[in-house]
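Pasted below: start28.tsv, TSV, C-alpha atoms.
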```
chain	number	residue	atom	x	y	z
A	1	MET	CA	-13.56	-17.69	-12.78
A	2	SER	CA	-13.89	-16.97	-9.09
A	3	LEU	CA	-10.79	-16.61	-6.96
A	4	ILE	CA	-12.67	-17.72	-3.85
A	5	LYS	CA	-11.42	-21.16	-2.94
A	6	LYS	CA	-11.86	-22.37	0.61
A	7	ASP	CA	-9.39	-24.97	1.85
A	8	LYS	CA	-11.32	-27.13	4.30
A	9	ASN	CA	-8.21	-28.98	5.44
A	10	ARG	CA	-6.17	-25.93	6.48
A	11	THR	CA	-6.76	-22.81	8.54
A	12	PRO	CA	-6.33	-19.38	6.90
A	13	ALA	CA	-3.11	-18.95	8.90
A	14	GLN	CA	-1.76	-22.22	7.54
A	15	VAL	CA	-2.61	-21.14	3.99
A	16	VAL	CA	-0.74	-17.85	4.52
A	17	VAL	CA	2.31	-19.53	6.06
A	18	GLN	CA	2.47	-22.33	3.49
A	19	ASP	CA	1.21	-20.71	0.26
A	20	VAL	CA	1.98	-16.99	0.62
A	21	VAL	CA	5.25	-16.49	2.54
A	22	LYS	CA	6.21	-20.17	2.20
A	23	ILE	CA	8.16	-20.44	5.44
A	24	LYS	CA	10.85	-23.13	5.45
A	25	LYS	CA	12.15	-25.20	8.32
A	26	GLY	CA	14.76	-23.31	10.33
A	27	GLU	CA	13.89	-19.85	9.02
A	28	ARG	CA	13.73	-17.03	11.59
A	29	VAL	CA	10.24	-15.55	11.76
A	30	LEU	CA	9.24	-12.37	13.64
A	31	ILE	CA	5.57	-11.63	14.36
A	32	ILE	CA	4.71	-8.15	15.69
A	33	ALA	CA	1.16	-7.70	16.98
A	34	ASN	CA	-1.12	-5.69	19.26
A	35	PRO	CA	-3.40	-7.13	21.96
A	36	ALA	CA	-6.39	-6.60	19.65
A	37	THR	CA	-4.83	-8.86	16.99
A	38	SER	CA	-3.56	-11.54	19.35
A	39	GLU	CA	-5.79	-14.34	18.02
A	40	ILE	CA	-4.57	-13.96	14.44
A	41	ALA	CA	-0.97	-13.52	15.57
A	42	GLN	CA	-1.16	-16.66	17.70
A	43	ASP	CA	-2.59	-18.65	14.77
A	44	LEU	CA	0.29	-17.50	12.55
A	45	TYR	CA	2.76	-18.33	15.32
A	46	SER	CA	1.40	-21.85	15.62
A	47	ALA	CA	1.28	-22.37	11.85
A	48	SER	CA	4.88	-21.19	11.53
A	49	CYS	CA	6.13	-23.39	14.35
A	50	GLU	CA	4.32	-26.42	12.89
A	51	ILE	CA	6.54	-26.36	9.81
A	52	GLY	CA	9.75	-25.67	11.68
A	53	GLY	CA	10.03	-21.88	11.72
A	54	GLN	CA	12.16	-20.38	14.51
A	55	THR	CA	9.41	-17.99	15.49
A	56	THR	CA	9.22	-15.01	17.88
A	57	LEU	CA	5.94	-13.28	18.75
A	58	MET	CA	5.95	-9.84	20.38
A	59	PHE	CA	3.30	-7.26	21.28
A	60	GLN	CA	3.22	-3.47	21.39
A	61	PRO	CA	0.36	-0.97	21.90
A	62	ASP	CA	-1.73	0.22	18.95
A	63	LYS	CA	0.09	2.74	16.75
A	64	THR	CA	-1.51	5.45	14.57
A	65	SER	CA	-0.10	6.95	11.38
A	66	PHE	CA	1.93	9.45	13.42
A	67	ASP	CA	3.20	7.17	16.22
A	68	ASN	CA	6.62	5.54	16.50
A	69	ALA	CA	7.01	1.78	16.85
A	70	ASN	CA	8.38	0.63	20.19
A	71	PRO	CA	12.22	0.61	20.28
A	72	GLU	CA	12.16	-3.12	21.08
A	73	VAL	CA	10.15	-3.78	17.92
A	74	LEU	CA	12.60	-1.84	15.75
A	75	ALA	CA	15.51	-3.65	17.42
A	76	ALA	CA	13.90	-7.00	16.67
A	77	LEU	CA	13.50	-6.02	13.02
A	78	ALA	CA	17.13	-4.90	12.95
A	79	SER	CA	18.11	-8.49	13.83
A	80	ARG	CA	17.18	-9.27	10.21
A	81	PRO	CA	14.67	-12.12	10.43
A	82	ASP	CA	14.02	-14.06	7.26
A	83	VAL	CA	10.28	-13.36	7.50
A	84	TYR	CA	8.28	-10.76	9.39
A	85	PHE	CA	4.58	-10.29	9.97
A	86	SER	CA	3.17	-6.96	11.11
A	87	ILE	CA	-0.24	-7.94	12.48
A	88	SER	CA	-1.30	-4.43	13.45
A	89	ASN	CA	-4.64	-3.11	14.63
A	90	ILE	CA	-3.80	0.21	12.92
A	91	LYS	CA	-0.11	0.62	11.93
A	92	LEU	CA	3.29	-0.89	12.70
A	93	GLY	CA	4.63	2.52	13.75
A	94	LYS	CA	7.33	4.77	12.36
A	95	ASP	CA	11.10	4.43	12.76
A	96	PRO	CA	12.23	7.75	14.30
A	97	GLN	CA	15.96	7.11	13.93
A	98	ALA	CA	15.61	6.28	10.23
A	99	THR	CA	13.25	9.22	9.72
A	100	ALA	CA	15.96	11.55	11.06
A	101	ASN	CA	18.81	9.70	9.32
A	102	PRO	CA	17.51	7.52	6.49
A	103	TYR	CA	19.13	4.24	5.55
A	104	VAL	CA	20.86	4.55	2.17
A	105	THR	CA	21.59	1.69	-0.21
A	106	ASP	CA	24.64	1.53	-2.48
A	107	ASP	CA	22.57	2.81	-5.40
A	108	GLY	CA	21.39	5.85	-3.42
A	109	GLN	CA	17.90	4.79	-2.39
A	110	LYS	CA	16.79	6.21	0.96
A	111	PHE	CA	14.55	4.41	3.44
A	112	THR	CA	12.93	5.91	6.53
A	113	HIS	CA	12.04	2.57	8.16
A	114	ILE	CA	14.20	-0.44	8.99
A	115	ALA	CA	11.57	-2.85	7.63
A	116	ASP	CA	11.49	-1.11	4.24
A	117	TYR	CA	15.29	-0.95	4.14
A	118	LEU	CA	15.69	-4.68	4.79
A	119	MET	CA	12.92	-5.72	2.42
A	120	ASP	CA	12.98	-3.20	-0.44
A	121	GLY	CA	16.56	-1.95	-0.12
A	122	LEU	CA	18.77	-4.85	0.87
A	123	LYS	CA	16.19	-7.48	-0.11
A	124	VAL	CA	17.19	-9.79	2.76
A	125	MET	CA	13.72	-10.11	4.32
A	126	ARG	CA	10.21	-10.91	3.15
A	127	GLY	CA	6.91	-10.53	4.90
A	128	ALA	CA	3.27	-9.57	5.19
A	129	TRP	CA	1.52	-6.74	6.98
A	130	THR	CA	-2.12	-6.46	7.98
A	131	PRO	CA	-3.06	-2.97	9.27
A	132	GLY	CA	-6.60	-3.25	10.62
A	133	ILE	CA	-7.01	-7.02	10.23
A	134	THR	CA	-9.91	-8.72	12.02
A	135	VAL	CA	-10.61	-12.39	12.64
A	136	ASP	CA	-13.65	-12.21	10.37
A	137	MET	CA	-11.61	-10.64	7.57
A	138	MET	CA	-8.87	-13.23	7.93
A	139	ASN	CA	-11.40	-16.06	7.76
A	140	ARG	CA	-13.21	-14.64	4.70
A	141	THR	CA	-10.42	-13.28	2.52
A	142	ALA	CA	-7.09	-15.05	3.21
A	143	ALA	CA	-7.72	-18.56	1.85
A	144	ILE	CA	-8.26	-17.69	-1.84
A	145	ASP	CA	-6.93	-19.13	-5.11
A	146	TYR	CA	-3.56	-17.37	-5.22
A	147	LYS	CA	-2.54	-18.88	-8.55
A	148	GLU	CA	-5.53	-17.29	-10.25
A	149	LEU	CA	-4.85	-13.99	-8.49
A	150	GLN	CA	-1.24	-14.07	-9.68
A	151	SER	CA	-2.40	-14.82	-13.23
A	152	ARG	CA	-4.59	-11.71	-13.25
A	153	CYS	CA	-1.78	-9.58	-11.84
A	154	THR	CA	0.56	-10.85	-14.55
A	155	ARG	CA	-1.96	-9.99	-17.25
A	156	LEU	CA	-2.41	-6.46	-15.90
A	157	ASP	CA	1.36	-6.04	-15.77
A	158	GLU	CA	1.50	-6.89	-19.49
A	159	LEU	CA	-1.17	-4.30	-20.24
A	160	PHE	CA	0.52	-1.56	-18.21
A	161	LYS	CA	3.86	-1.99	-19.98
A	162	ASN	CA	4.63	1.00	-22.24
A	163	ALA	CA	1.58	2.91	-20.97
A	164	VAL	CA	2.27	6.61	-20.44
A	165	SER	CA	-0.96	7.68	-18.76
A	166	VAL	CA	-4.15	6.38	-17.17
A	167	HIS	CA	-7.60	7.95	-17.37
A	168	VAL	CA	-9.97	7.07	-14.52
A	169	THR	CA	-13.65	8.00	-14.48
A	170	ALA	CA	-16.44	6.82	-12.18
A	171	PRO	CA	-20.19	7.40	-11.69
A	172	ALA	CA	-19.75	9.58	-8.58
A	173	GLY	CA	-17.73	12.12	-10.56
A	174	THR	CA	-14.08	11.00	-10.56
A	175	ASP	CA	-12.29	12.16	-13.72
A	176	LEU	CA	-8.50	12.05	-13.43
A	177	ILE	CA	-5.56	11.80	-15.83
A	178	ILE	CA	-2.54	10.10	-14.26
A	179	PRO	CA	0.99	10.18	-15.80
A	180	ILE	CA	2.83	6.87	-15.32
A	181	ASN	CA	5.59	7.09	-17.94
A	182	GLY	CA	8.62	5.16	-16.65
A	183	ARG	CA	6.73	3.80	-13.64
A	184	ALA	CA	6.37	0.06	-13.01
A	185	LEU	CA	3.21	-1.70	-11.88
A	186	MET	CA	3.54	-3.34	-8.46
A	187	PHE	CA	1.67	-6.38	-7.17
A	188	ASP	CA	0.05	-7.50	-3.96
A	189	ASP	CA	-0.51	-10.93	-5.48
A	190	GLY	CA	-0.01	-13.21	-2.50
A	191	ASP	CA	3.42	-14.48	-3.59
A	192	PHE	CA	5.77	-13.27	-0.87
A	193	SER	CA	8.09	-16.26	-1.03
A	194	LYS	CA	11.36	-14.61	-2.08
A	195	PRO	CA	13.58	-12.16	-0.18
A	196	GLY	CA	12.55	-8.62	-1.01
A	197	THR	CA	8.88	-9.47	-1.55
A	198	GLY	CA	5.94	-8.68	0.68
A	199	GLY	CA	2.44	-7.29	0.87
A	200	ASN	CA	-0.91	-7.37	2.56
A	201	ILE	CA	-3.05	-10.14	3.90
A	202	PRO	CA	-5.67	-10.11	2.52
A	203	ALA	CA	-3.79	-9.81	-0.75
A	204	GLY	CA	-5.32	-8.81	-4.04
A	205	GLU	CA	-4.38	-5.60	-5.82
A	206	VAL	CA	-2.07	-4.05	-8.35
A	207	PHE	CA	-0.86	-0.50	-7.84
A	208	ILE	CA	1.36	2.15	-9.37
A	209	SER	CA	2.89	5.46	-8.26
A	210	PRO	CA	1.94	8.40	-10.52
A	211	VAL	CA	4.83	10.52	-11.76
A	212	VAL	CA	5.31	13.27	-9.18
A	213	GLY	CA	4.22	16.71	-10.34
A	214	GLY	CA	7.13	18.83	-11.52
A	215	SER	CA	9.53	15.88	-11.77
A	216	GLN	CA	11.37	14.75	-14.86
A	217	LEU	CA	9.70	12.16	-17.02
A	218	LYS	CA	11.66	8.97	-17.67
A	219	SER	CA	11.40	6.39	-20.41
A	220	ALA	CA	10.80	2.72	-19.65
A	221	ASP	CA	14.58	2.09	-19.63
A	222	GLY	CA	15.15	4.87	-17.10
A	223	LYS	CA	16.44	7.50	-19.55
A	224	VAL	CA	15.48	11.02	-18.48
A	225	LEU	CA	13.40	12.86	-21.06
A	226	GLU	CA	13.53	16.61	-21.51
A	227	GLN	CA	9.97	17.50	-20.61
A	228	GLN	CA	8.63	17.61	-17.08
A	229	SER	CA	5.44	16.02	-15.80
A	230	ASP	CA	2.62	18.27	-14.68
A	231	GLY	CA	1.40	15.39	-12.50
A	232	CYS	CA	-2.16	14.15	-12.11
A	233	GLU	CA	-4.94	16.47	-13.28
A	234	GLY	CA	-8.66	16.38	-12.60
A	235	VAL	CA	-11.03	15.38	-9.82
A	236	ILE	CA	-11.28	12.43	-7.45
A	237	VAL	CA	-14.62	11.74	-5.80
A	238	TYR	CA	-14.14	9.20	-3.01
A	239	ASP	CA	-17.42	7.32	-2.49
A	240	GLY	CA	-16.33	4.02	-0.93
A	241	SER	CA	-14.19	4.40	2.18
A	242	MET	CA	-11.27	6.50	3.37
A	243	THR	CA	-8.24	6.28	5.65
A	244	PHE	CA	-7.74	9.02	8.23
A	245	SER	CA	-4.99	9.42	10.82
A	246	ASP	CA	-7.22	7.86	13.49
A	247	GLY	CA	-8.64	5.00	11.41
A	248	ASP	CA	-10.83	4.09	8.43
A	249	SER	CA	-14.49	4.78	7.69
A	250	ILE	CA	-17.13	4.11	5.07
A	251	ILE	CA	-17.92	7.38	3.31
A	252	GLU	CA	-21.48	8.63	3.85
A	253	THR	CA	-21.03	11.93	1.98
A	254	PRO	CA	-18.62	11.70	-0.98
A	255	ILE	CA	-15.30	13.54	-0.63
A	256	THR	CA	-14.34	15.64	-3.65
A	257	CYS	CA	-10.65	16.38	-4.18
A	258	LYS	CA	-9.53	18.76	-6.89
A	259	VAL	CA	-6.11	17.75	-8.23
A	260	GLU	CA	-3.74	20.09	-10.06
A	261	LYS	CA	-0.19	19.28	-11.20
A	262	GLY	CA	-0.14	16.16	-9.08
A	263	TYR	CA	-1.35	17.67	-5.81
A	264	VAL	CA	-4.71	17.99	-4.05
A	265	THR	CA	-5.62	21.68	-4.03
A	266	ASP	CA	-9.13	21.52	-2.57
A	267	ILE	CA	-11.11	19.10	-0.39
A	268	SER	CA	-14.88	19.43	-0.10
A	269	GLY	CA	-17.88	17.44	1.07
A	270	GLY	CA	-19.30	16.69	4.51
A	271	ALA	CA	-17.95	15.45	7.82
A	272	GLU	CA	-15.59	12.96	6.16
A	273	ALA	CA	-14.06	15.73	4.01
A	274	ARG	CA	-13.40	17.80	7.14
A	275	ARG	CA	-11.81	14.76	8.78
A	276	LEU	CA	-9.56	14.24	5.75
A	277	LEU	CA	-8.59	17.90	5.67
A	278	LYS	CA	-7.67	17.76	9.36
A	279	THR	CA	-5.39	14.77	8.74
A	280	VAL	CA	-3.70	16.45	5.75
A	281	LEU	CA	-3.16	19.68	7.68
A	282	GLU	CA	-1.60	17.73	10.54
A	283	ALA	CA	0.73	16.04	8.05
A	284	GLU	CA	1.72	19.50	6.77
A	285	LEU	CA	2.53	20.98	10.17
A	286	ARG	CA	4.07	18.09	12.10
A	287	PRO	CA	7.21	17.80	9.91
A	288	PHE	CA	8.33	21.26	11.05
A	289	VAL	CA	8.10	20.14	14.67
A	290	LEU	CA	10.09	17.02	13.84
A	291	GLU	CA	12.69	19.05	11.96
A	292	LYS	CA	13.05	21.45	14.90
A	293	GLU	CA	13.54	18.47	17.22
A	294	GLY	CA	16.21	17.02	14.93
A	295	LYS	CA	13.97	14.11	13.92
A	296	LEU	CA	13.94	15.18	10.28
A	297	PRO	CA	16.91	16.44	8.26
A	298	GLN	CA	17.02	20.19	7.79
A	299	GLY	CA	15.00	21.26	4.76
A	300	GLN	CA	12.91	18.08	4.65
A	301	ALA	CA	9.89	19.58	6.44
A	302	ALA	CA	8.99	21.66	3.41
A	303	VAL	CA	9.21	18.56	1.20
A	304	TYR	CA	6.99	16.58	3.58
A	305	LYS	CA	4.49	19.46	3.70
A	306	LYS	CA	4.20	19.57	-0.08
A	307	ASN	CA	3.83	15.80	-0.38
A	308	ALA	CA	0.99	15.74	2.16
A	309	HIS	CA	-1.07	16.73	-0.91
A	310	ASN	CA	0.60	14.38	-3.40
A	311	ILE	CA	-1.35	11.71	-5.28
A	312	GLY	CA	0.85	8.78	-4.31
A	313	GLU	CA	-0.95	5.74	-5.68
A	314	LEU	CA	-3.52	4.34	-8.07
A	315	GLY	CA	-4.56	0.82	-7.07
A	316	ILE	CA	-7.03	-1.73	-8.47
A	317	GLY	CA	-8.82	-4.27	-6.24
A	318	LEU	CA	-8.57	-7.92	-7.29
A	319	ASN	CA	-9.84	-10.02	-4.35
A	320	PRO	CA	-13.48	-11.08	-4.97
A	321	ALA	CA	-13.83	-12.26	-1.37
A	322	ALA	CA	-13.23	-8.68	-0.20
A	323	THR	CA	-16.02	-6.14	0.26
A	324	ILE	CA	-16.22	-2.50	1.36
A	325	THR	CA	-16.55	-2.67	5.13
A	326	GLY	CA	-14.92	0.54	6.31
A	327	ASN	CA	-11.60	-1.24	6.85
A	328	MET	CA	-9.10	-0.15	4.19
A	329	LEU	CA	-7.00	-3.29	4.41
A	330	GLU	CA	-9.93	-5.15	2.89
A	331	ASP	CA	-11.69	-2.33	1.03
A	332	GLU	CA	-8.79	-1.54	-1.32
A	333	LYS	CA	-8.74	-5.21	-2.44
A	334	ALA	CA	-12.45	-5.37	-3.35
A	335	PHE	CA	-13.51	-6.17	-6.90
A	336	HIS	CA	-15.20	-3.33	-8.84
A	337	THR	CA	-13.11	-0.65	-7.10
A	338	CYS	CA	-9.97	1.38	-7.46
A	339	HIS	CA	-8.25	3.53	-4.87
A	340	PHE	CA	-6.11	6.65	-4.80
A	341	ALA	CA	-3.71	7.51	-2.00
A	342	ILE	CA	-2.88	11.00	-0.78
A	343	GLY	CA	0.68	11.41	0.50
A	344	GLU	CA	3.74	9.17	0.23
A	345	ASN	CA	4.20	6.96	-2.83
A	346	TYR	CA	5.87	3.59	-3.41
A	347	ASP	CA	8.73	4.81	-5.60
A	348	ASN	CA	10.44	6.62	-2.70
A	349	ASP	CA	10.45	10.03	-4.41
A	350	ALA	CA	7.59	11.68	-2.50
A	351	PRO	CA	8.24	11.31	1.25
A	352	SER	CA	5.38	12.23	3.57
A	353	LEU	CA	4.08	11.39	7.02
A	354	ILE	CA	0.85	10.04	5.52
A	355	HIS	CA	-0.41	7.59	2.93
A	356	LEU	CA	-4.20	7.90	2.97
A	357	ASP	CA	-6.04	5.43	0.76
A	358	GLY	CA	-9.53	6.22	-0.50
A	359	VAL	CA	-11.82	3.92	-2.48
A	360	VAL	CA	-13.76	4.80	-5.65
A	361	ARG	CA	-16.61	2.51	-6.73
A	362	ASP	CA	-17.23	1.11	-10.24
A	363	PRO	CA	-14.42	2.92	-12.10
A	364	THR	CA	-13.67	2.85	-15.80
A	365	ILE	CA	-9.90	2.78	-16.31
A	366	THR	CA	-8.24	3.34	-19.68
A	367	LEU	CA	-4.52	3.12	-20.46
A	368	THR	CA	-2.91	5.28	-23.15
A	369	TYR	CA	0.34	4.17	-24.77
A	370	ALA	CA	3.25	6.08	-26.28
A	371	ASP	CA	1.99	5.37	-29.82
A	372	GLY	CA	-1.35	7.01	-29.06
A	373	THR	CA	-3.38	3.81	-28.80
A	374	SER	CA	-5.49	3.05	-25.74
A	375	ARG	CA	-6.90	0.06	-23.88
A	376	THR	CA	-9.71	-0.09	-21.31
A	377	ILE	CA	-8.89	-2.50	-18.48
A	378	LEU	CA	-11.92	-1.82	-16.26
A	379	GLN	CA	-15.37	-0.89	-17.52
A	380	ASP	CA	-17.78	0.26	-14.82
A	381	GLY	CA	-15.77	-1.76	-12.34
A	382	SER	CA	-15.58	-4.99	-14.36
A	383	LEU	CA	-12.18	-6.31	-15.47
A	384	GLN	CA	-11.53	-6.39	-19.21
A	385	LEU	CA	-8.55	-8.71	-19.53
A	386	GLU	CA	-9.42	-10.93	-22.50
```

What is this file in structure tokens?
Amino acid sequence: MSLIKKDKNRTPAQVVVQDVVKIKKGERVLIIANPATSEIAQDLYSASCEIGGQTTLMFQPDKTSFDNANPEVLAALASRPDVYFSISNIKLGKDPQATANPYVTDDGQKFTHIADYLMDGLKVMRGAWTPGITVDMMNRTAAIDYKELQSRCTRLDELFKNAVSVHVTAPAGTDLIIPINGRALMFDDGDFSKPGTGGNIPAGEVFISPVVGGSQLKSADGKVLEQQSDGCEGVIVYDGSMTFSDGDSIIETPITCKVEKGYVTDISGGAEARRLLKTVLEAELRPFVLEKEGKLPQGQAAVYKKNAHNIGELGIGLNPAATITGNMLEDEKAFHTCHFAIGENYDNDAPSLIHLDGVVRDPTITLTYADGTSRTILQDGSLQLE
């Protein structure tokens, strides 16, 4: 069954406001945009106001992976809106104060951005973020059948439960074993209606953070096991598209990354590989500058340097309206793909200045369970959910 369902009676912005974040009358809504994304931001503003949202729209310049958000933007987020949209041409921007002195929840979780703290830590805010969104992308990929998408995400969640590792292979040469024992599958399923939930527009992926190399393995109930994880092992060959510090690009010459004990140890290929290596090296060196300036806690620079090579995510694309265009926001959602991120993960135990997604075409993905059984969930890019 196709997920593509166009709603002729509503704009994509109205579908997002009504079906995805489900804004209610009187809720405070904050929209942060750049001049390049003003049309989409204005549509969301209008759609929010139409149903009674108390909406604020503000602009800041484009921000790269290494730039800070404007202080006014961070202050607006600190006012704790019910809903926020980050309609960014590239990125929202970092939170320098929280990077230097992370927010800490009662259970000890640390957050280096006010938005993450309010949403994932305190769970008092919900939202959607769209790094790299275009009008064309919004029109093609936002108004899909979210119920069917959520059904597929739920089925994959069932299959991932009790899995201890994932084996990913692909025609271009990817062959990687990924430990996931004790990790939970996360969704970008288009249901961002409750405090503490959020994700991309376009939506349409599931993703998981591999166990960090050298860390203790945990059981599904959180109990620490005696053995340590060696982390991901094998080779990733990126042949779709890739995120770099200065933007995204379709890959002309595949990028080959050798992975040992959870970390990338070698990057080879053509011009794109050199561009990736430059971004990773910058993410290694910049933390020491930030630490010297007091913008990172003492001792954290070495951690950030190490995690600039970490495999931080395995994701699976689930939006059939999405295609590989050289824009990662859409590319990572495309059917018949998976993606791996280099850098920071989503379990907050591998901090880094980068999170670089790269797409692999037509993967075969097999889960292995604690009892030794296995289950293939993608075969040459096609979902196997029945």

Q: Rank nothing, just name the residue among A:Cys338, A:Ile324, A:Val124, A:Ile267 nearest to Leu378 in chain A, using all atoms listed in the file.
A: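 Closest to Leu378 in chain A, using all atoms listed in the file: A:Cys338.
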
(Q) For a quick check of understanding, using all atoms listed in the file, which of A:Thr55, A:Thr141, A:Thr364, A:Asn327 has the smallest distance to Thr174 in chain A? (A) A:Thr364

(Q) Can you pull out the residues contacting Gly204 in chain A? Cut-off 10 Å, using all atoms listed in the file, and skip same-chain residues under 5 positions away; I want them as number ranges by chain. (A) A: 3, 141-142, 144, 146, 149-150, 152-153, 187-190, 199, 316-322, 330, 332-335

Convert the current residue selection to file output with C-alpha atoms, as a short mmCIF file (atom, residue, chain, number, x, y, z; two decimals), in the coordinates of the input.
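Now in again-v2.cif:
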```cif
data_model
loop_
_atom_site.label_atom_id
_atom_site.label_comp_id
_atom_site.auth_asym_id
_atom_site.auth_seq_id
_atom_site.Cartn_x
_atom_site.Cartn_y
_atom_site.Cartn_z
CA LEU A 3 -10.79 -16.61 -6.96
CA THR A 141 -10.42 -13.28 2.52
CA ALA A 142 -7.09 -15.05 3.21
CA ILE A 144 -8.26 -17.69 -1.84
CA TYR A 146 -3.56 -17.37 -5.22
CA LEU A 149 -4.85 -13.99 -8.49
CA GLN A 150 -1.24 -14.07 -9.68
CA ARG A 152 -4.59 -11.71 -13.25
CA CYS A 153 -1.78 -9.58 -11.84
CA PHE A 187 1.67 -6.38 -7.17
CA ASP A 188 0.05 -7.50 -3.96
CA ASP A 189 -0.51 -10.93 -5.48
CA GLY A 190 -0.01 -13.21 -2.50
CA GLY A 199 2.44 -7.29 0.87
CA ILE A 316 -7.03 -1.73 -8.47
CA GLY A 317 -8.82 -4.27 -6.24
CA LEU A 318 -8.57 -7.92 -7.29
CA ASN A 319 -9.84 -10.02 -4.35
CA PRO A 320 -13.48 -11.08 -4.97
CA ALA A 321 -13.83 -12.26 -1.37
CA ALA A 322 -13.23 -8.68 -0.20
CA GLU A 330 -9.93 -5.15 2.89
CA GLU A 332 -8.79 -1.54 -1.32
CA LYS A 333 -8.74 -5.21 -2.44
CA ALA A 334 -12.45 -5.37 -3.35
CA PHE A 335 -13.51 -6.17 -6.90
#
```

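Using all atoms listed in the file, the nearest neighbour of Pro81 in chain A within the list A:Thr56, A:Thr64, A:Gln379, A:Asn34 is A:Thr56.
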
Q | Nearest residue to Ile51 in chain A from the set A:Ala33, A:Ala69, A:Ile251, A:Gln18 (distances using only C-alpha atoms) | A |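 For Ile51 in chain A, the nearest of the given residues is A:Gln18.
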
Q: One decimal, Å: what's the distance from CA of Asn162 in chain A over to CA of Gly234 in chain A, could you say?
A: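 If I compute the distance from CA of Asn162 in chain A to CA of Gly234 in chain A, I get 22.5 Å.
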
Q: Kindly indicate which residue among A:Arg274, A:Lys25, A:Arg140, A:His336 lies nearest to Thr256 in chain A, using all atoms listed in the file for the distances.
A: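 Residue with the minimum atom-to-atom distance to Thr256 in chain A: A:Arg274.
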
Check which residues of range 129-236 of chain A sit at most 7 Å from range 301-314 of chain A using only C-alpha atoms, and return one row each with the closest pair of atoms and their distance in Å to one decimal, ordered by chain and rising number, as JSON lines.
```
{"residue": "A:Phe207", "atom": "CA", "partner": "A:Leu314", "partner_atom": "CA", "distance": 5.5}
{"residue": "A:Ile208", "atom": "CA", "partner": "A:Leu314", "partner_atom": "CA", "distance": 5.5}
{"residue": "A:Ser209", "atom": "CA", "partner": "A:Glu313", "partner_atom": "CA", "distance": 4.6}
{"residue": "A:Pro210", "atom": "CA", "partner": "A:Glu313", "partner_atom": "CA", "distance": 6.2}
```

Q. Using all atoms listed in the file, which of A:Gly231, A:Pro297, A:Pro131, A:Gly270 sits nearest Val164 in chain A?
A.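 Counting all atoms listed in the file, the residue closest to Val164 in chain A is A:Gly231.
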
Using the partial input, fill out range 145-155 of chain A with N, CA, C and O atoms; write the result as a PDB file, keeping the file's coordinate frame.
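This went into selection-v2.pdb:
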```pdb
ATOM      1  N   ASP A 145      -7.714 -18.467  -4.067  1.00  0.00           N
ATOM      2  CA  ASP A 145      -6.930 -19.130  -5.110  1.00  0.00           C
ATOM      3  C   ASP A 145      -5.815 -18.164  -5.539  1.00  0.00           C
ATOM      4  O   ASP A 145      -6.010 -17.297  -6.391  1.00  0.00           O
ATOM      5  N   TYR A 146      -4.638 -18.305  -4.950  1.00  0.00           N
ATOM      6  CA  TYR A 146      -3.560 -17.370  -5.220  1.00  0.00           C
ATOM      7  C   TYR A 146      -2.982 -17.526  -6.620  1.00  0.00           C
ATOM      8  O   TYR A 146      -2.486 -16.553  -7.203  1.00  0.00           O
ATOM      9  N   LYS A 147      -3.038 -18.710  -7.188  1.00  0.00           N
ATOM     10  CA  LYS A 147      -2.540 -18.880  -8.550  1.00  0.00           C
ATOM     11  C   LYS A 147      -3.365 -18.072  -9.545  1.00  0.00           C
ATOM     12  O   LYS A 147      -2.820 -17.454 -10.466  1.00  0.00           O
ATOM     13  N   GLU A 148      -4.673 -18.068  -9.350  1.00  0.00           N
ATOM     14  CA  GLU A 148      -5.530 -17.290 -10.250  1.00  0.00           C
ATOM     15  C   GLU A 148      -5.306 -15.796 -10.030  1.00  0.00           C
ATOM     16  O   GLU A 148      -5.288 -15.002 -10.982  1.00  0.00           O
ATOM     17  N   LEU A 149      -5.154 -15.396  -8.783  1.00  0.00           N
ATOM     18  CA  LEU A 149      -4.850 -13.990  -8.490  1.00  0.00           C
ATOM     19  C   LEU A 149      -3.553 -13.575  -9.178  1.00  0.00           C
ATOM     20  O   LEU A 149      -3.483 -12.513  -9.816  1.00  0.00           O
ATOM     21  N   GLN A 150      -2.531 -14.391  -9.070  1.00  0.00           N
ATOM     22  CA  GLN A 150      -1.240 -14.070  -9.680  1.00  0.00           C
ATOM     23  C   GLN A 150      -1.343 -14.015 -11.196  1.00  0.00           C
ATOM     24  O   GLN A 150      -0.675 -13.205 -11.856  1.00  0.00           O
ATOM     25  N   SER A 151      -2.196 -14.848 -11.780  1.00  0.00           N
ATOM     26  CA  SER A 151      -2.400 -14.820 -13.230  1.00  0.00           C
ATOM     27  C   SER A 151      -3.009 -13.492 -13.663  1.00  0.00           C
ATOM     28  O   SER A 151      -2.594 -12.907 -14.678  1.00  0.00           O
ATOM     29  N   ARG A 152      -3.972 -12.993 -12.908  1.00  0.00           N
ATOM     30  CA  ARG A 152      -4.590 -11.710 -13.250  1.00  0.00           C
ATOM     31  C   ARG A 152      -3.607 -10.562 -13.078  1.00  0.00           C
ATOM     32  O   ARG A 152      -3.584  -9.615 -13.877  1.00  0.00           O
ATOM     33  N   CYS A 153      -2.786 -10.614 -12.043  1.00  0.00           N
ATOM     34  CA  CYS A 153      -1.780  -9.580 -11.840  1.00  0.00           C
ATOM     35  C   CYS A 153      -0.782  -9.562 -12.994  1.00  0.00           C
ATOM     36  O   CYS A 153      -0.385  -8.494 -13.490  1.00  0.00           O
ATOM     37  N   THR A 154      -0.375 -10.743 -13.440  1.00  0.00           N
ATOM     38  CA  THR A 154       0.560 -10.850 -14.550  1.00  0.00           C
ATOM     39  C   THR A 154      -0.023 -10.258 -15.826  1.00  0.00           C
ATOM     40  O   THR A 154       0.665  -9.540 -16.577  1.00  0.00           O
ATOM     41  N   ARG A 155      -1.301 -10.526 -16.054  1.00  0.00           N
ATOM     42  CA  ARG A 155      -1.960  -9.990 -17.250  1.00  0.00           C
ATOM     43  C   ARG A 155      -2.044  -8.461 -17.190  1.00  0.00           C
ATOM     44  O   ARG A 155      -1.777  -7.770 -18.187  1.00  0.00           O
TER      45      ARG A 155
END
```
